Amino acid sequence: MRPAPVKPAKARKLAAAGWRVGTAREFLGLSEDEARLVSIRLALVDAIRKARARSGLSQVALAERMSSSQSRVAKIEAGDPSVSLDLIIRALIASDASDLEIGAALGTKIRGSGRSSRKAGDLK
């Protein structure tokens with residue numbers, strides 16, 4: 001689950017105490033594209049947890065389907081940056097996520113993005 005945004009009253013109290021309130025993107029110094037990639041990865045990881053729970057699979061059972069280990073599945077579900085997008089998609093497929101569920105995870109509103117798409121020539 002993602003944390004809820006800080007409520008305005010709490011943000012004021014924190015600011016009054018000398019704390020600075022901002023986004024993870026600001027704190028980590030991420031570019032817009034980097035923040036979008038993180039949001040996509042998190043949406044896919046959320047979809048894995050939901051599909052695994054819906055299918056009644058334990059992390060061990062999902063790992064067996066993937067020819068992997070339970071600790072690797074735990075890393076996938078924790079959003080560990082060492083996990084490749086390929087492995088995340090493999091976990092989604094092994095957890096019986098439908099093509100529609102995978103597409104819905106990819107189509108999730110990306111936080112902080114004012115863009116909905118780019119032309120192919122705009123990609124760097």
# chains A, B, ... in the order shown; residues from 1 in each chain; ligands from 1

$ residues_around --residues "Leu92 (chain A)" --least-positions-apart "2" --cutoff "9 Å" --atoms "only C-alpha atoms" --output "list in words"
Leu44, Val45, Ala47, Ile48, Arg49, Ala51, Arg52, Leu87, Ile88, Ile89, Arg90, Ala94, Ser95, Asp96, Ala97, Ser98 and Ile102 of chain A

$ select_by_dssp --residues "region 61-114 of chain A" --states "alpha helix (DSSP H)" --output "number ranges by chain"
A: 61-66, 70-77, 85-94, 99-106

$ residues_around --residues "Lys75 (chain A)" --least-positions-apart "3" --cutoff "12 Å" --atoms "only C-alpha atoms" --output "tab-separated table (two decimals) with C-alpha atoms, in the first residue's frame"
chain	number	residue	atom	x	y	z
A	45	VAL	CA	4.04	-4.71	-7.74
A	48	ILE	CA	1.25	-8.90	-8.22
A	49	ARG	CA	0.19	-8.83	-4.57
A	59	GLN	CA	5.02	-16.53	-1.89
A	63	ALA	CA	8.22	-18.80	-6.44
A	68	SER	CA	12.62	-18.86	-8.25
A	69	SER	CA	12.84	-18.49	-4.47
A	70	GLN	CA	10.45	-17.17	-1.85
A	71	SER	CA	12.96	-14.48	-0.90
A	72	ARG	CA	13.01	-13.28	-4.52
A	78	ALA	CA	8.66	-5.07	-1.68
A	79	GLY	CA	9.50	-3.15	-4.86
A	80	ASP	CA	13.24	-3.83	-4.50
A	81	PRO	CA	15.05	-1.84	-7.21
A	82	SER	CA	17.35	-4.81	-7.95
A	83	VAL	CA	14.36	-6.66	-9.45
A	84	SER	CA	14.07	-6.31	-13.22
A	87	LEU	CA	10.93	-10.52	-13.51
A	88	ILE	CA	8.04	-8.36	-12.29
A	91	ALA	CA	5.63	-12.81	-11.51

$ atom_distance --atom1 "CA of Ala35 (chain A)" --atom2 "CA of Val73 (chain A)"
23.3 Å

$ closest_residue --among "A:Val21, A:Leu85, A:Ile93, A:Ala53" --to "Ile40 (chain A)" --atoms "only C-alpha atoms"
A:Leu85

$ closest_residue --among "A:Glu77, A:Asp86, A:Asp46, A:Glu64" --to "Ala105 (chain A)" --atoms "only C-alpha atoms"
A:Asp46

$ atom_distance --atom1 "CA of Gly29 (chain A)" --atom2 "CA of Gly103 (chain A)"
28.6 Å

$ atom_distance --atom1 "CA of Ala15 (chain A)" --atom2 "CA of Ser39 (chain A)"
26.6 Å

$ closest_residue --among "A:Ala104, A:Val60, A:Ile76, A:Val6" --to "Arg20 (chain A)" --atoms "only C-alpha atoms"
A:Val6
